[in-house]
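Below is final.cif, which holds mmCIF, N, CA and C atoms.
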data_entry
#
loop_
_atom_site.label_atom_id
_atom_site.label_comp_id
_atom_site.auth_asym_id
_atom_site.auth_seq_id
_atom_site.Cartn_x
_atom_site.Cartn_y
_atom_site.Cartn_z
N MET Z 1 202.35 38.27 212.97
CA MET Z 1 202.95 38.63 211.70
C MET Z 1 204.23 39.42 211.95
N ALA Z 2 205.27 39.08 211.25
CA ALA Z 2 206.58 39.72 211.42
C ALA Z 2 206.58 41.12 210.80
N ARG Z 3 207.47 41.96 211.31
CA ARG Z 3 207.67 43.30 210.78
C ARG Z 3 209.13 43.43 210.34
N CYS Z 4 209.36 44.27 209.34
CA CYS Z 4 210.72 44.53 208.86
C CYS Z 4 211.49 45.28 209.94
N ALA Z 5 212.71 44.85 210.23
CA ALA Z 5 213.53 45.48 211.25
C ALA Z 5 214.11 46.81 210.76
N ILE Z 6 214.12 47.05 209.45
CA ILE Z 6 214.71 48.26 208.90
C ILE Z 6 213.66 49.35 208.71
N CYS Z 7 212.60 49.07 207.96
CA CYS Z 7 211.61 50.10 207.63
C CYS Z 7 210.30 49.93 208.38
N ASP Z 8 210.19 48.92 209.24
CA ASP Z 8 209.01 48.69 210.08
C ASP Z 8 207.76 48.38 209.27
N LYS Z 9 207.93 47.81 208.09
CA LYS Z 9 206.79 47.45 207.25
C LYS Z 9 206.16 46.16 207.78
N GLY Z 10 204.84 46.13 207.82
CA GLY Z 10 204.11 44.97 208.30
C GLY Z 10 202.89 44.71 207.45
N ALA Z 11 201.88 44.09 208.03
CA ALA Z 11 200.66 43.78 207.32
C ALA Z 11 199.79 45.03 207.21
N HIS Z 12 199.06 45.14 206.09
CA HIS Z 12 198.13 46.24 205.87
C HIS Z 12 196.72 45.68 205.81
N PHE Z 13 195.76 46.46 206.27
CA PHE Z 13 194.38 46.00 206.33
C PHE Z 13 193.49 46.93 205.54
N GLY Z 14 192.41 46.36 205.02
CA GLY Z 14 191.45 47.15 204.26
C GLY Z 14 190.22 46.32 203.96
N ASN Z 15 189.51 46.71 202.91
CA ASN Z 15 188.29 46.03 202.52
C ASN Z 15 188.45 45.38 201.17
N ASN Z 16 187.90 44.18 201.03
CA ASN Z 16 187.78 43.50 199.76
C ASN Z 16 186.39 43.82 199.22
N VAL Z 17 186.31 44.52 198.09
CA VAL Z 17 185.02 44.98 197.58
C VAL Z 17 184.66 44.15 196.36
N SER Z 18 183.50 43.50 196.42
CA SER Z 18 183.06 42.64 195.33
C SER Z 18 182.38 43.48 194.24
N HIS Z 19 181.97 42.83 193.16
CA HIS Z 19 181.30 43.50 192.06
C HIS Z 19 179.97 44.11 192.51
N SER Z 20 179.28 43.44 193.43
CA SER Z 20 178.02 43.96 193.96
C SER Z 20 178.25 44.96 195.10
N HIS Z 21 179.50 45.30 195.34
CA HIS Z 21 179.93 46.31 196.32
C HIS Z 21 179.74 45.86 197.76
N ARG Z 22 179.69 44.56 197.99
CA ARG Z 22 179.69 44.05 199.37
C ARG Z 22 181.14 44.05 199.86
N ARG Z 23 181.34 44.39 201.11
CA ARG Z 23 182.69 44.51 201.64
C ARG Z 23 182.98 43.40 202.64
N SER Z 24 184.19 42.87 202.57
CA SER Z 24 184.68 41.93 203.56
C SER Z 24 186.12 42.33 203.91
N ASN Z 25 186.60 41.84 205.02
CA ASN Z 25 187.94 42.22 205.49
C ASN Z 25 189.02 41.61 204.61
N LYS Z 26 190.08 42.35 204.40
CA LYS Z 26 191.20 41.89 203.59
C LYS Z 26 192.49 42.26 204.29
N MET Z 27 193.50 41.41 204.11
CA MET Z 27 194.81 41.64 204.72
C MET Z 27 195.88 41.45 203.65
N TRP Z 28 196.73 42.45 203.48
CA TRP Z 28 197.86 42.37 202.57
C TRP Z 28 199.10 42.11 203.39
N LYS Z 29 199.77 40.98 203.14
CA LYS Z 29 200.98 40.64 203.88
C LYS Z 29 202.21 41.11 203.11
N SER Z 30 203.16 41.69 203.83
CA SER Z 30 204.40 42.14 203.22
C SER Z 30 205.31 40.94 202.98
N ASN Z 31 206.19 41.08 201.99
CA ASN Z 31 207.12 40.01 201.65
C ASN Z 31 208.34 40.13 202.55
N ILE Z 32 208.27 39.48 203.72
CA ILE Z 32 209.30 39.60 204.74
C ILE Z 32 210.02 38.27 204.89
N LYS Z 33 211.35 38.32 204.88
CA LYS Z 33 212.18 37.12 204.96
C LYS Z 33 213.03 37.18 206.22
N SER Z 34 213.36 36.02 206.76
CA SER Z 34 214.30 35.92 207.86
C SER Z 34 215.68 35.69 207.26
N VAL Z 35 216.57 36.67 207.39
CA VAL Z 35 217.89 36.60 206.76
C VAL Z 35 218.98 36.85 207.78
N ARG Z 36 220.18 36.38 207.44
CA ARG Z 36 221.37 36.67 208.23
C ARG Z 36 221.96 37.97 207.73
N VAL Z 37 222.21 38.91 208.63
CA VAL Z 37 222.65 40.25 208.26
C VAL Z 37 223.98 40.54 208.95
N LYS Z 38 224.88 41.23 208.22
CA LYS Z 38 226.13 41.69 208.82
C LYS Z 38 225.85 42.88 209.73
N THR Z 39 226.43 42.87 210.92
CA THR Z 39 226.27 43.99 211.84
C THR Z 39 227.47 44.91 211.74
N THR Z 40 227.39 46.06 212.39
CA THR Z 40 228.47 47.05 212.30
C THR Z 40 229.73 46.60 213.02
N ASP Z 41 229.58 45.74 214.04
CA ASP Z 41 230.77 45.29 214.78
C ASP Z 41 231.42 44.06 214.15
N GLY Z 42 230.98 43.66 212.96
CA GLY Z 42 231.59 42.55 212.25
C GLY Z 42 230.94 41.20 212.47
N GLY Z 43 229.93 41.13 213.32
CA GLY Z 43 229.25 39.87 213.58
C GLY Z 43 228.07 39.66 212.65
N ASN Z 44 227.38 38.57 212.86
CA ASN Z 44 226.20 38.24 212.09
C ASN Z 44 225.00 38.19 213.02
N LYS Z 45 223.85 38.59 212.49
CA LYS Z 45 222.62 38.57 213.27
C LYS Z 45 221.47 38.18 212.36
N ARG Z 46 220.55 37.38 212.87
CA ARG Z 46 219.39 36.98 212.09
C ARG Z 46 218.24 37.93 212.41
N MET Z 47 217.65 38.50 211.36
CA MET Z 47 216.53 39.42 211.57
C MET Z 47 215.56 39.33 210.40
N TYR Z 48 214.36 39.86 210.62
CA TYR Z 48 213.34 39.89 209.58
C TYR Z 48 213.50 41.16 208.77
N VAL Z 49 213.63 40.99 207.43
CA VAL Z 49 213.83 42.12 206.53
C VAL Z 49 212.91 41.94 205.33
N CYS Z 50 212.28 43.03 204.89
CA CYS Z 50 211.42 42.95 203.70
C CYS Z 50 212.30 42.92 202.45
N THR Z 51 211.76 42.40 201.37
CA THR Z 51 212.55 42.22 200.16
C THR Z 51 212.89 43.55 199.50
N SER Z 52 212.09 44.59 199.72
CA SER Z 52 212.43 45.89 199.14
C SER Z 52 213.67 46.48 199.80
N CYS Z 53 213.85 46.24 201.10
CA CYS Z 53 215.08 46.69 201.78
C CYS Z 53 216.28 45.86 201.32
N LEU Z 54 216.08 44.58 201.05
CA LEU Z 54 217.17 43.74 200.56
C LEU Z 54 217.61 44.19 199.17
N ARG Z 55 216.67 44.48 198.29
CA ARG Z 55 217.00 44.87 196.92
C ARG Z 55 217.64 46.25 196.85
N SER Z 56 217.21 47.16 197.74
CA SER Z 56 217.71 48.53 197.68
C SER Z 56 219.10 48.67 198.28
N GLY Z 57 219.58 47.64 198.97
CA GLY Z 57 220.92 47.69 199.55
C GLY Z 57 220.98 48.31 200.92
N LYS Z 58 219.85 48.47 201.59
CA LYS Z 58 219.85 49.01 202.95
C LYS Z 58 220.45 48.01 203.94
N VAL Z 59 220.47 46.73 203.55
CA VAL Z 59 220.98 45.66 204.41
C VAL Z 59 221.98 44.85 203.61
N GLU Z 60 223.06 44.45 204.27
CA GLU Z 60 224.05 43.58 203.60
C GLU Z 60 223.93 42.19 204.20
N ARG Z 61 223.69 41.21 203.34
CA ARG Z 61 223.55 39.84 203.80
C ARG Z 61 224.92 39.27 204.18
N ALA Z 62 224.90 38.42 205.20
CA ALA Z 62 226.14 37.80 205.66
C ALA Z 62 226.40 36.54 204.86
N ALA Z 63 227.67 36.19 204.71
CA ALA Z 63 228.04 34.96 204.02
C ALA Z 63 227.74 33.77 204.91
N ILE Z 64 227.41 32.67 204.30
CA ILE Z 64 227.08 31.45 205.05
C ILE Z 64 228.31 30.77 205.51
#
In structure tokens, what does this structure look like?
Amino acid sequence: MARCAICDKGAHFGNNVSHSHRRSNKMWKSNIKSVRVKTTDGGNKRMYVCTSCLRSGKVERAAI
């Protein structure tokens, strides 16, 4: 599973609890995309970034 290169967000684990209170394993996957990002030296780099970092403006997408 990929992790965000900016905030290090990844998959979260826990329990799925039914109505009868039986527990089974559950995994929440983060919404992570592979995007082209502008670097500080003016180049482009492809990295995995979560959508919350994209929306907040922590990363600037590169033009195609």
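Neighbourhood of point (206.6, 42.4, 197.3): residues with an atom at most 7 Å away, counting only N, CA and C atoms, are Ser30, Asn31, Thr51 and Ser52 of chain Z.
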Picked residues, the PyMOL selection byres (((chain Z and resi 6-19 and name CA) around 8) and name CA), as a PyMOL selection string: chain Z and resi 1-5+20-30+49-50+53+58
Those of region 14-60 of chain Z in DSSP alpha helix (DSSP H), formatted as a list of chain:residue names: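 Answer for region 14-60 of chain Z restricted to alpha helix (DSSP H) is Z:Thr51, Z:Ser52, Z:Cys53, Z:Leu54, Z:Arg55, Z:Ser56.
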Residue neighbourhood Lys38 (chain Z), 6.5 Å, all atoms listed in the file, exclusion window fewer than 4 positions, as number ranges by chain: Z: 42-45, 60-62
Keeping N, CA and C atoms for every residue in the selection just given, could you write it to a file as an mmCIF file, in the frame of the given file?
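Once written, again29.cif looks like this:
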data_model
loop_
_atom_site.group_PDB
_atom_site.id
_atom_site.type_symbol
_atom_site.label_atom_id
_atom_site.label_comp_id
_atom_site.auth_asym_id
_atom_site.auth_seq_id
_atom_site.Cartn_x
_atom_site.Cartn_y
_atom_site.Cartn_z
ATOM 1 N N GLY Z 42 230.980 43.660 212.960
ATOM 2 C CA GLY Z 42 231.590 42.550 212.250
ATOM 3 C C GLY Z 42 230.940 41.200 212.470
ATOM 4 N N GLY Z 43 229.930 41.130 213.320
ATOM 5 C CA GLY Z 43 229.250 39.870 213.580
ATOM 6 C C GLY Z 43 228.070 39.660 212.650
ATOM 7 N N ASN Z 44 227.380 38.570 212.860
ATOM 8 C CA ASN Z 44 226.200 38.240 212.090
ATOM 9 C C ASN Z 44 225.000 38.190 213.020
ATOM 10 N N LYS Z 45 223.850 38.590 212.490
ATOM 11 C CA LYS Z 45 222.620 38.570 213.270
ATOM 12 C C LYS Z 45 221.470 38.180 212.360
ATOM 13 N N GLU Z 60 223.060 44.450 204.270
ATOM 14 C CA GLU Z 60 224.050 43.580 203.600
ATOM 15 C C GLU Z 60 223.930 42.190 204.200
ATOM 16 N N ARG Z 61 223.690 41.210 203.340
ATOM 17 C CA ARG Z 61 223.550 39.840 203.800
ATOM 18 C C ARG Z 61 224.920 39.270 204.180
ATOM 19 N N ALA Z 62 224.900 38.420 205.200
ATOM 20 C CA ALA Z 62 226.140 37.800 205.660
ATOM 21 C C ALA Z 62 226.400 36.540 204.860
#
Point-to-point distance from atom C of Arg36 (chain Z) to CA of Gly57 (chain Z), Å rounded to tenths: 12.7 Å
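The gap separating atom C of Thr39 (chain Z) from atom C of Leu54 (chain Z) is 16.0 Å, in Å to one decimal.
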Distance query Met47 (chain Z) at most 6 Å, all atoms listed in the file, self and fewer than 5 positions along chain excluded, as a PyMOL selection string: chain Z and resi 33-37
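Within chain Z, DSSP run on the backbone puts these residues in strand (DSSP E or B): His12, Phe13, Gly14, Asn15, Asn16, Val17, Arg23, Ser24, Asn25, Lys26, Met27, Trp28, Ile32, Lys33, Ser34, Val35, Arg36, Val37, Lys38, Asn44, Lys45, Arg46, Met47, Tyr48, Val49, Cys50 and Arg61 of chain Z.
Reported to one decimal place, the separation of atom N of Asp41 (chain Z) from atom C of Arg55 (chain Z) is 20.9 Å.
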